[in-house]
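Pasting upload_15.txt here (compact mmCIF, C-alpha atoms):
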```txt
# COMPACT_ATOMS: atom_id res chain seq x y z
CA MET O 1 0.00 0.00 0.00
CA TYR O 2 2.80 2.31 0.88
CA ARG O 3 4.53 1.55 -2.44
CA LEU O 4 1.34 2.25 -4.40
CA LYS O 5 0.90 5.54 -2.64
CA GLU O 6 4.52 6.43 -3.36
CA PHE O 7 4.10 5.47 -7.07
CA VAL O 8 0.99 7.59 -7.45
CA THR O 9 2.70 10.50 -5.75
CA HIS O 10 5.73 10.27 -8.05
CA TYR O 11 3.47 9.83 -11.10
CA LEU O 12 1.37 12.87 -10.27
CA THR O 13 4.44 14.90 -9.48
CA GLY O 14 5.97 13.96 -12.82
CA LEU O 15 2.74 14.71 -14.66
CA LEU O 16 2.47 18.11 -13.02
CA SER O 17 6.08 18.79 -13.93
CA VAL O 18 5.44 17.90 -17.54
CA LEU O 19 2.33 20.10 -17.60
CA LEU O 20 4.26 22.98 -16.08
CA VAL O 21 7.00 22.55 -18.66
CA LEU O 22 4.46 22.44 -21.50
CA THR O 23 2.71 25.51 -20.11
CA PHE O 24 6.03 27.30 -19.89
CA VAL O 25 6.91 26.29 -23.47
CA ILE O 26 3.52 27.46 -24.77
CA ILE O 27 3.99 30.81 -23.03
CA ILE O 28 7.46 31.20 -24.57
CA PHE O 29 6.19 30.21 -28.03
CA SER O 30 3.30 32.66 -27.77
CA ALA O 31 5.65 35.43 -26.77
CA MET O 32 7.75 34.64 -29.86
CA GLY O 33 4.68 34.77 -32.13
CA VAL O 34 4.69 31.08 -32.88
CA GLY O 35 1.25 29.67 -33.68
CA LEU O 36 -0.20 26.25 -34.40
CA ASP O 37 1.06 26.30 -37.99
CA GLN O 38 4.61 26.73 -36.77
CA LEU O 39 4.15 24.03 -34.14
CA ARG O 40 3.04 21.61 -36.86
CA GLN O 41 6.36 22.34 -38.56
CA ALA O 42 8.45 22.07 -35.42
CA SER O 43 11.54 20.77 -37.14
CA THR O 44 11.63 23.71 -39.52
CA PHE O 45 10.94 26.10 -36.66
CA PHE O 46 13.75 24.78 -34.47
CA ALA O 47 16.17 24.90 -37.40
CA THR O 48 15.27 28.52 -37.99
CA LEU O 49 15.40 29.28 -34.27
CA ILE O 50 18.91 27.84 -34.02
CA ASN O 51 20.15 29.70 -37.12
CA ASP O 52 18.42 33.03 -36.41
CA PRO O 53 17.04 33.27 -32.86
CA ALA O 54 16.52 37.04 -33.21
CA HIS O 55 13.98 36.36 -35.93
CA TYR O 56 11.49 35.01 -33.35
CA LEU O 57 12.63 36.92 -30.33
CA THR O 58 11.48 40.18 -32.00
CA ARG O 59 7.86 41.32 -31.91
CA THR O 60 5.90 40.99 -35.16
CA ASP O 61 5.49 44.70 -35.80
CA ASP O 62 9.14 45.33 -34.92
CA ASN O 63 10.09 42.52 -37.27
CA GLU O 64 8.16 44.17 -40.10
CA ASN O 65 9.82 47.51 -39.33
CA GLN O 66 13.22 45.87 -39.39
CA GLN O 67 12.40 44.21 -42.69
CA THR O 68 11.37 47.60 -44.10
CA ARG O 69 14.55 49.19 -42.84
CA ARG O 70 16.61 46.39 -44.35
CA THR O 71 14.81 46.81 -47.68
CA SER O 72 15.27 50.59 -47.62
CA ALA O 73 18.92 50.25 -46.76
CA THR O 74 19.37 47.79 -49.63
CA ALA O 75 17.61 50.16 -52.02
CA ILE O 76 19.76 53.09 -50.97
CA GLN O 77 22.92 51.06 -51.35
CA THR O 78 21.81 49.71 -54.72
CA ALA O 79 20.46 52.91 -56.26
CA GLY O 80 23.11 55.41 -55.28
CA ILE O 81 22.89 58.86 -56.93
CA ILE O 82 21.31 58.78 -60.38
CA THR O 83 22.72 61.43 -62.71
CA ASP O 84 20.76 60.76 -65.91
CA SER O 85 20.37 63.84 -68.14
CA ASN O 86 16.95 62.58 -69.22
CA ILE O 87 15.50 63.20 -65.75
CA LYS O 88 13.99 66.71 -65.74
CA LEU O 89 11.59 68.64 -63.57
CA VAL O 90 8.02 68.69 -64.85
CA SER O 91 5.72 71.70 -64.54
CA SER O 92 2.00 71.60 -63.72
CA ASN O 93 1.00 71.53 -67.38
CA GLY O 94 3.03 68.39 -68.00
CA THR O 95 5.89 69.99 -69.93
CA GLN O 96 9.50 69.73 -68.88
CA ILE O 97 10.89 72.78 -67.15
CA GLY O 98 13.61 74.17 -69.37
CA SER O 99 12.34 72.33 -72.44
CA ASP O 100 12.01 74.33 -75.66
CA GLU O 101 9.08 72.23 -76.87
CA THR O 102 6.23 74.15 -75.27
CA PHE O 103 3.35 75.32 -77.43
CA ALA O 104 4.41 78.97 -77.16
CA VAL O 105 7.99 78.33 -78.24
CA ALA O 106 6.92 75.98 -81.04
CA VAL O 107 4.55 78.58 -82.45
CA SER O 108 7.14 81.36 -82.14
CA LYS O 109 9.50 79.37 -84.37
CA VAL O 110 7.14 79.41 -87.34
CA ARG O 111 4.65 82.22 -86.76
CA THR O 112 6.84 84.86 -88.43
CA ALA O 113 6.87 82.70 -91.56
CA VAL O 114 3.06 82.71 -91.91
CA VAL O 115 1.63 85.34 -94.26
CA ASN O 116 -1.80 86.67 -95.03
CA ILE O 117 -3.00 86.37 -98.64
CA SER O 118 -5.52 88.84 -99.98
CA CYS O 119 -6.54 90.13 -103.38
CA GLU O 120 -8.38 92.97 -105.08
CA ARG O 121 -10.88 90.75 -106.83
CA ILE O 122 -11.80 87.10 -107.06
CA ALA O 123 -13.88 85.43 -109.75
CA PRO O 124 -17.10 83.72 -108.66
CA VAL O 125 -17.48 79.95 -108.84
CA ASN O 126 -20.36 77.56 -108.39
CA ASN O 127 -20.34 76.07 -104.90
CA SER O 128 -19.47 72.39 -104.83
CA LEU O 129 -22.07 69.98 -103.60
CA GLY O 130 -21.15 67.81 -100.64
CA ASN O 131 -19.71 68.28 -97.19
CA LEU O 132 -15.99 67.83 -97.95
CA ASN O 133 -14.65 71.06 -99.44
CA PHE O 134 -11.74 73.39 -99.81
CA ASP O 135 -12.71 76.69 -98.24
CA ASP O 136 -14.27 79.13 -100.69
CA PRO O 137 -12.13 82.27 -101.14
CA ALA O 138 -15.11 84.27 -102.35
CA GLN O 139 -15.45 88.03 -102.50
CA ASP O 140 -17.12 88.13 -99.09
CA LEU O 141 -14.03 86.52 -97.58
CA ALA O 142 -11.81 89.06 -99.31
CA ALA O 143 -13.84 91.77 -97.60
CA PHE O 144 -12.75 90.35 -94.24
CA GLY O 145 -9.14 91.20 -95.06
CA GLY O 146 -7.80 88.00 -96.58
CA ILE O 147 -8.65 84.97 -98.69
CA GLY O 148 -6.11 82.57 -97.21
CA SER O 149 -2.74 81.91 -95.64
CA GLY O 150 0.72 81.01 -96.83
CA ILE O 151 4.06 79.70 -95.56
CA ILE O 152 7.39 81.35 -96.41
CA ILE O 153 9.64 78.52 -97.61
CA ASP O 154 12.57 80.61 -98.79
CA SER O 155 13.92 83.89 -97.39
CA ARG O 156 14.07 85.34 -100.93
CA GLY O 157 10.29 85.63 -100.92
CA TYR O 158 8.89 82.25 -102.02
CA ILE O 159 5.61 81.30 -100.37
CA LEU O 160 3.76 77.98 -100.35
CA THR O 161 -0.03 78.01 -100.27
CA CYS O 162 -3.09 76.13 -101.58
CA TYR O 163 -3.76 76.54 -105.27
CA HIS O 164 -7.53 76.88 -104.84
CA ILE O 165 -6.95 80.08 -102.83
CA VAL O 166 -5.22 81.96 -105.64
CA ALA O 167 -6.56 80.18 -108.73
CA ARG O 168 -9.30 82.79 -109.32
CA ALA O 169 -7.69 85.78 -107.61
CA SER O 170 -6.57 88.98 -109.33
CA ASN O 171 -3.81 91.21 -107.98
CA ILE O 172 -2.68 88.92 -105.17
CA ILE O 173 -1.31 90.74 -102.12
CA ILE O 174 0.95 89.27 -99.41
CA THR O 175 1.18 90.74 -95.92
CA PRO O 176 4.08 89.29 -93.86
CA PHE O 177 3.84 88.79 -90.12
CA GLY O 178 4.11 91.98 -88.09
CA ASN O 179 4.25 94.20 -91.19
CA GLU O 180 0.69 95.34 -91.76
CA THR O 181 1.97 98.47 -93.48
CA ARG O 182 4.17 96.45 -95.86
CA ARG O 183 2.08 94.73 -98.49
CA TYR O 184 3.67 93.09 -101.48
CA ALA O 185 2.27 92.11 -104.87
CA ALA O 186 2.68 88.39 -105.57
CA GLN O 187 2.89 86.28 -108.70
CA ILE O 188 2.19 82.55 -109.07
CA VAL O 189 5.50 80.96 -110.14
CA ALA O 190 4.49 77.29 -109.86
CA LYS O 191 1.41 75.19 -109.29
CA ASN O 192 0.51 71.54 -108.75
CA GLU O 193 -3.22 71.09 -109.14
CA SER O 194 -3.11 67.39 -108.23
CA LEU O 195 -1.81 68.37 -104.78
CA ASN O 196 -3.73 71.65 -104.70
CA LEU O 197 -0.50 73.57 -104.11
CA ALA O 198 0.97 76.79 -105.51
CA ILE O 199 4.15 78.74 -104.91
CA LEU O 200 4.03 82.55 -104.95
CA LYS O 201 6.89 85.03 -105.21
CA ILE O 202 7.16 88.50 -103.71
CA ASN O 203 10.00 91.01 -103.91
CA ALA O 204 10.51 92.12 -100.33
CA SER O 205 13.08 94.70 -99.31
CA TYR O 206 14.53 92.39 -96.66
CA ASN O 207 15.19 88.69 -96.08
CA LEU O 208 12.07 86.96 -94.83
CA ASN O 209 11.93 84.37 -92.07
CA SER O 210 11.26 80.94 -93.53
CA ALA O 211 9.65 77.93 -91.85
CA ALA O 212 11.35 74.59 -91.28
CA LEU O 213 9.65 71.61 -92.93
CA GLY O 214 9.45 68.55 -90.69
CA ASP O 215 9.09 64.86 -91.49
CA SER O 216 5.35 64.24 -91.64
CA SER O 217 5.88 60.47 -91.80
CA MET O 218 7.01 60.58 -88.17
CA MET O 219 3.66 61.89 -86.96
CA GLU O 220 1.31 59.39 -85.35
CA VAL O 221 -2.34 59.30 -84.41
CA ALA O 222 -2.95 61.29 -81.19
CA ASP O 223 0.21 63.43 -81.63
CA GLU O 224 -0.41 67.05 -80.69
CA VAL O 225 -0.43 69.62 -83.48
CA MET O 226 -1.14 73.34 -83.92
CA ALA O 227 -2.59 75.21 -86.88
CA ILE O 228 -1.67 78.81 -87.74
CA GLY O 229 -3.62 80.90 -90.21
CA ASN O 230 -5.90 83.81 -90.94
CA PRO O 231 -9.49 82.59 -90.53
CA PHE O 232 -11.98 85.26 -91.62
CA GLY O 233 -9.10 87.74 -91.81
CA LEU O 234 -8.12 87.22 -88.15
CA GLU O 235 -4.38 87.13 -88.81
CA GLN O 236 -2.03 84.78 -87.02
CA SER O 237 -4.73 82.80 -85.21
CA VAL O 238 -3.40 79.66 -83.50
CA THR O 239 -5.47 76.56 -82.76
CA HIS O 240 -4.54 73.30 -81.12
CA GLY O 241 -5.59 69.69 -81.49
CA ILE O 242 -4.41 66.15 -82.14
CA ILE O 243 -4.00 63.97 -85.19
CA SER O 244 -7.15 61.91 -85.59
CA ASP O 245 -5.85 59.91 -88.57
CA ASN O 246 -2.90 60.20 -90.93
CA LYS O 247 -3.98 58.04 -93.86
CA ARG O 248 -7.16 59.62 -95.24
CA ASN O 249 -7.66 59.23 -98.99
CA LEU O 250 -10.08 61.99 -99.95
CA LEU O 251 -11.98 63.13 -103.04
CA ILE O 252 -12.28 66.90 -102.65
CA GLN O 253 -14.00 68.87 -105.38
CA GLY O 254 -12.85 66.47 -108.08
CA ILE O 255 -9.28 66.07 -106.76
CA VAL O 256 -8.13 62.80 -105.13
CA ILE O 257 -5.50 63.42 -102.46
CA LYS O 258 -4.04 60.45 -100.61
CA ASP O 259 -2.77 60.07 -97.05
CA MET O 260 -4.22 63.35 -95.77
CA ILE O 261 -3.76 64.21 -92.10
CA GLN O 262 -7.06 64.51 -90.23
CA THR O 263 -7.06 66.65 -87.09
CA ASP O 264 -9.44 68.36 -84.71
CA ALA O 265 -7.45 71.60 -84.81
CA ALA O 266 -9.90 74.34 -85.79
CA ILE O 267 -9.53 75.46 -89.43
CA ASN O 268 -11.94 77.92 -91.04
CA ARG O 269 -12.22 79.92 -94.23
CA GLY O 270 -8.98 81.83 -94.59
CA SER O 271 -6.92 79.21 -92.74
CA SER O 272 -6.14 77.18 -95.86
CA GLY O 273 -2.52 77.39 -96.95
CA GLY O 274 -1.32 77.90 -93.39
CA PRO O 275 0.94 75.45 -91.56
CA LEU O 276 0.09 72.52 -89.33
CA ILE O 277 3.06 72.23 -86.96
CA ASN O 278 4.39 69.77 -84.39
CA ARG O 279 5.67 70.42 -80.88
CA ARG O 280 9.11 71.32 -82.29
CA GLY O 281 7.73 74.11 -84.47
CA GLU O 282 8.22 72.20 -87.72
CA VAL O 283 5.69 72.32 -90.54
CA ILE O 284 4.32 68.80 -90.96
CA GLY O 285 1.21 69.71 -92.98
CA ILE O 286 -0.49 72.37 -95.09
CA ASN O 287 -4.01 73.12 -93.89
CA MET O 288 -6.36 72.54 -96.77
CA ALA O 289 -9.93 71.39 -96.17
CA ILE O 290 -12.74 70.77 -93.69
CA TYR O 291 -15.69 68.44 -93.40
CA SER O 292 -18.69 70.68 -92.81
CA PRO O 293 -22.29 70.76 -94.00
CA SER O 294 -22.48 74.38 -92.85
CA GLY O 295 -19.24 75.62 -94.40
CA VAL O 296 -17.60 76.36 -91.04
CA TYR O 297 -15.49 74.19 -88.76
CA ILE O 298 -17.39 71.50 -86.84
CA GLY O 299 -14.47 69.47 -85.51
CA ILE O 300 -12.86 67.81 -88.55
CA SER O 301 -10.11 69.35 -90.67
CA PHE O 302 -7.54 68.04 -93.13
CA ALA O 303 -3.97 68.94 -94.03
CA LEU O 304 -1.69 67.78 -96.83
CA PRO O 305 1.40 66.04 -95.36
CA ALA O 306 4.53 68.18 -95.72
CA ASN O 307 6.44 65.28 -97.26
CA GLN O 308 4.09 65.35 -100.28
CA ALA O 309 4.94 69.01 -100.83
CA LYS O 310 8.72 68.68 -100.52
CA LEU O 311 9.42 67.38 -104.03
CA PHE O 312 7.24 70.09 -105.58
CA ILE O 313 9.05 72.75 -103.54
CA ALA O 314 12.51 71.37 -104.33
CA MET O 315 11.85 71.14 -108.07
CA THR O 316 10.41 74.67 -108.19
CA LEU O 317 13.26 76.32 -106.27
CA ASN O 318 15.84 74.34 -108.21
CA ASP O 319 14.38 75.46 -111.55
CA ILE O 320 14.29 79.07 -110.37
CA SER O 321 17.84 78.99 -109.10
```
For the structure just supplied, provide its representation as structure tokens.
Amino acid sequence: MYRLKEFVTHYLTGLLSVLLVLTFVIIIFSAMGVGLDQLRQASTFFATLINDPAHYLTRTDDNENQQTRRTSATAIQTAGIITDSNIKLVSSNGTQIGSDETFAVAVSKVRTAVVNISCERIAPVNNSLGNLNFDDPAQDLAAFGGIGSGIIIDSRGYILTCYHIVARASNIIITPFGNETRRYAAQIVAKNESLNLAILKINASYNLNSAALGDSSMMEVADEVMAIGNPFGLEQSVTHGIISDNKRNLLIQGIVIKDMIQTDAAINRGSSGGPLINRRGEVIGINMAIYSPSGVYIGISFALPANQAKLFIAMTLNDIS
């Protein structure tokens, strides 16, 4: 009996000791953030504990902070100081500070090369049926102070414009930018009716500012463009838009012109012959026509790509030289 009592006592004492040890272990594991999932993977846990005891002896939030600090430190050490010339400050309107490709600078590069075209008289013509038309340089438009626009392509006084503007005009007059008091008589020296283009010549008393012709093949749909012209005699008006399409094949008043540039830059009567420019101030199109049942701009305009005009310009200037 005594031995049984002694056995039970030792057994209970041992059991209580084991329970106390287990309780102590559970408390320690809880303090280290070890849950049931970790306990099910005890071997992995103990291996990690032996290799990196600080990993579990740190509180969870502190552990995350340490991980963040380690990551940040790694990033700082990896990145270093980046000195790439392509990294520039950006202003609130999305343009780079210090960049020369703002709208204002782009327009200033070509605006002085845009002229106003007027005449003393223009012959009447029957209005074309349909909604796709060159603007009509009729006598009422001449009364506004101009029948169209032109682009100086050579400082000696050669001006590119649309042929339909001057085809029926008598005594053509050119007014350069900023010289309202200087008006010069112009003669048609070349024409290309299939492209609806003409080149005029004036004899100015000074060298004129000429525009730079860009590569229109580089322009893509949604590229930003600006149109400069003299709508309704309002000289040097600037409008802005994007390219809606750059491959429009159009039949306009009996003339088929391929690969026209379609934009939503506002063009009205008197704008034809003026430049369509890119953000670098290069002429990439010659404003020419609108789609409009009413005869005024409703959101669709067309320009001849500059690349189609380059051969005509080069041949004309070469023959003259």
Self-check item: Separation of atom CA of His164 of chain O from atom CA of Gly281 of chain O in Å
Solution: 25.6 Å
Self-check item: Non-local contacts of segment 248-254 of chain O (9 Å; only C-alpha atoms; under 2 positions in same chain excluded) as a PyMOL selection string
Solution: chain O and resi 128-130+132-134+245-246+256-262+289+302
Can you tell me which residues surround segment 191-195 of chain O at a distance of at most 10 Å, considering only C-alpha atoms, apart from same-chain residues fewer than 4 positions away, and format the answer as a compact mmCIF listing (two decimals) with C-alpha atoms, in the coordinates of the input?
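In the end it all went to part_8.txt:
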```
# COMPACT_ATOMS: atom_id res chain seq x y z
CA LEU O 160 3.76 77.98 -100.35
CA THR O 161 -0.03 78.01 -100.27
CA CYS O 162 -3.09 76.13 -101.58
CA TYR O 163 -3.76 76.54 -105.27
CA HIS O 164 -7.53 76.88 -104.84
CA ALA O 167 -6.56 80.18 -108.73
CA ILE O 199 4.15 78.74 -104.91
CA LEU O 200 4.03 82.55 -104.95
CA GLY O 254 -12.85 66.47 -108.08
CA ILE O 255 -9.28 66.07 -106.76
CA VAL O 256 -8.13 62.80 -105.13
CA ILE O 257 -5.50 63.42 -102.46
CA LYS O 258 -4.04 60.45 -100.61
CA LEU O 304 -1.69 67.78 -96.83
CA GLN O 308 4.09 65.35 -100.28
CA ALA O 309 4.94 69.01 -100.83
CA PHE O 312 7.24 70.09 -105.58
CA ILE O 313 9.05 72.75 -103.54
CA THR O 316 10.41 74.67 -108.19
```
Quiz item: Separation of atom CA of Pro137 of chain O and atom CA of Val296 of chain O, in Å?
Solution: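 Answer for the atom CA of Pro137 of chain O to atom CA of Val296 of chain O separation: 12.9 Å.
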Quiz prompt | Non-local contacts of Asn307 of chain O (8 Å; all atoms listed in the file; under 6 positions in same chain excluded) as a VMD selection string | solution = chain O and resid 214 to 217 284
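Minimum distance to Met315 of chain O across O:Leu19, O:Arg280, O:Val189, O:Ser301 (counting only C-alpha atoms) occurs at O:Val189.
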Self-check item: Pairwise distance for atom CA of Tyr291 of chain O and atom CA of Ser108 of chain O, rounded to one decimal in Å
Solution: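 Separation of atom CA of Tyr291 of chain O and atom CA of Ser108 of chain O: 28.5 Å.
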Within 6 Å of Met226 of chain O, counting only C-alpha atoms, which residues show up once you throw out same-chain ones fewer than 3 positions away? Write them as a short mmCIF file (atom, residue, chain, number, x, y, z; two decimals) with C-alpha atoms, keeping the file's coordinate frame, please.
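Contents of the output file result_37.cif:
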```
data_model
loop_
_atom_site.label_atom_id
_atom_site.label_comp_id
_atom_site.auth_asym_id
_atom_site.auth_seq_id
_atom_site.Cartn_x
_atom_site.Cartn_y
_atom_site.Cartn_z
CA THR O 239 -5.47 76.56 -82.76
CA HIS O 240 -4.54 73.30 -81.12
CA LEU O 276 0.09 72.52 -89.33
CA ILE O 277 3.06 72.23 -86.96
#
```
Practice problem: Kindly indicate which residue among O:Ile165, O:Ala266, O:Leu16, O:Val114 lies nearest to Ala198 of chain O, using all atoms listed in the file for the distances. | Solution: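 Looking only at the distances to Ala198 of chain O, the closest residue turns out to be O:Ile165.
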Exercise. Rank nothing, just name the residue among O:Arg168, O:Arg269, O:Lys310, O:Lys247 nearest to Glu235 of chain O, using all atoms listed in the file.
Key: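 With all atoms listed in the file as the atom set, the closest residue is O:Arg269.
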Exercise. Using all atoms listed in the file, pick whichever of O:Val166, O:Ala104, O:Ala113, O:Leu20 has the shortest atom-to-atom distance to Asn196 of chain O.
Key: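 Once distances to Asn196 of chain O are computed over all atoms listed in the file, the minimum belongs to O:Val166.
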Quiz item: Between O:Tyr184, O:Tyr206, O:Phe103, O:Tyr297, which has the minimum distance to Val238 of chain O (counting all atoms listed in the file)?
Solution: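 Comparing O:Tyr184, O:Tyr206, O:Phe103, O:Tyr297 against Val238 of chain O, the winner is O:Phe103.
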When you get a chance, write out N, CA and C atoms for segment 260-291 of chain O, as a short mmCIF file (atom, residue, chain, number, x, y, z; two decimals), in the coordinates of the input.
```cif
data_model
loop_
_atom_site.label_atom_id
_atom_site.label_comp_id
_atom_site.auth_asym_id
_atom_site.auth_seq_id
_atom_site.Cartn_x
_atom_site.Cartn_y
_atom_site.Cartn_z
N MET O 260 -4.02 62.05 -96.44
CA MET O 260 -4.22 63.35 -95.77
C MET O 260 -4.20 63.16 -94.25
N ILE O 261 -3.76 64.21 -93.57
CA ILE O 261 -3.76 64.21 -92.10
C ILE O 261 -5.09 64.78 -91.62
N GLN O 262 -5.81 64.01 -90.83
CA GLN O 262 -7.06 64.51 -90.23
C GLN O 262 -6.77 64.95 -88.80
N THR O 263 -7.25 66.14 -88.44
CA THR O 263 -7.06 66.65 -87.09
C THR O 263 -8.35 67.26 -86.56
N ASP O 264 -8.33 67.60 -85.27
CA ASP O 264 -9.44 68.36 -84.71
C ASP O 264 -9.01 69.78 -84.38
N ALA O 265 -7.87 70.20 -84.95
CA ALA O 265 -7.45 71.60 -84.81
C ALA O 265 -8.37 72.47 -85.67
N ALA O 266 -8.91 73.53 -85.09
CA ALA O 266 -9.90 74.34 -85.79
C ALA O 266 -9.28 75.04 -87.01
N ILE O 267 -9.91 74.80 -88.18
CA ILE O 267 -9.53 75.46 -89.43
C ILE O 267 -10.80 76.02 -90.06
N ASN O 268 -10.78 77.29 -90.42
CA ASN O 268 -11.94 77.92 -91.04
C ASN O 268 -11.54 78.62 -92.33
N ARG O 269 -12.50 79.22 -92.98
CA ARG O 269 -12.22 79.92 -94.23
C ARG O 269 -11.16 80.99 -94.00
N GLY O 270 -10.11 80.92 -94.77
CA GLY O 270 -8.98 81.83 -94.59
C GLY O 270 -7.79 81.14 -93.95
N SER O 271 -8.03 79.96 -93.35
CA SER O 271 -6.92 79.21 -92.74
C SER O 271 -6.15 78.39 -93.75
N SER O 272 -6.79 78.03 -94.86
CA SER O 272 -6.14 77.18 -95.86
C SER O 272 -4.84 77.80 -96.36
N GLY O 273 -3.84 76.94 -96.52
CA GLY O 273 -2.52 77.39 -96.95
C GLY O 273 -1.59 77.63 -95.78
N GLY O 274 -2.14 77.71 -94.57
CA GLY O 274 -1.32 77.90 -93.39
C GLY O 274 -0.72 76.59 -92.92
N PRO O 275 0.24 76.66 -91.99
CA PRO O 275 0.94 75.45 -91.56
C PRO O 275 0.24 74.70 -90.43
N LEU O 276 0.38 73.39 -90.47
CA LEU O 276 0.09 72.52 -89.33
C LEU O 276 1.45 72.13 -88.78
N ILE O 277 1.72 72.43 -87.51
CA ILE O 277 3.06 72.23 -86.96
C ILE O 277 3.05 71.24 -85.81
N ASN O 278 4.23 70.68 -85.53
CA ASN O 278 4.39 69.77 -84.39
C ASN O 278 4.92 70.52 -83.19
N ARG O 279 5.21 69.78 -82.11
CA ARG O 279 5.67 70.42 -80.88
C ARG O 279 7.05 71.06 -81.01
N ARG O 280 7.77 70.72 -82.08
CA ARG O 280 9.11 71.32 -82.29
C ARG O 280 9.07 72.55 -83.19
N GLY O 281 7.86 72.94 -83.61
CA GLY O 281 7.73 74.11 -84.47
C GLY O 281 8.05 73.83 -85.91
N GLU O 282 7.97 72.57 -86.33
CA GLU O 282 8.22 72.20 -87.72
C GLU O 282 6.89 72.05 -88.46
N VAL O 283 6.89 72.46 -89.72
CA VAL O 283 5.69 72.32 -90.54
C VAL O 283 5.57 70.87 -90.98
N ILE O 284 4.51 70.20 -90.56
CA ILE O 284 4.32 68.80 -90.96
C ILE O 284 3.07 68.66 -91.83
N GLY O 285 2.39 69.77 -92.12
CA GLY O 285 1.21 69.71 -92.98
C GLY O 285 0.81 71.09 -93.46
N ILE O 286 0.06 71.12 -94.56
CA ILE O 286 -0.49 72.37 -95.09
C ILE O 286 -1.99 72.28 -94.96
N ASN O 287 -2.57 73.14 -94.14
CA ASN O 287 -4.01 73.12 -93.89
C ASN O 287 -4.76 73.36 -95.19
N MET O 288 -5.79 72.53 -95.42
CA MET O 288 -6.36 72.54 -96.77
C MET O 288 -7.87 72.43 -96.83
N ALA O 289 -8.50 71.65 -95.98
CA ALA O 289 -9.93 71.39 -96.17
C ALA O 289 -10.60 71.07 -94.83
N ILE O 290 -11.94 71.13 -94.86
CA ILE O 290 -12.74 70.77 -93.69
C ILE O 290 -13.92 69.92 -94.13
N TYR O 291 -14.42 69.13 -93.19
CA TYR O 291 -15.69 68.44 -93.40
C TYR O 291 -16.75 69.26 -92.68
#
```
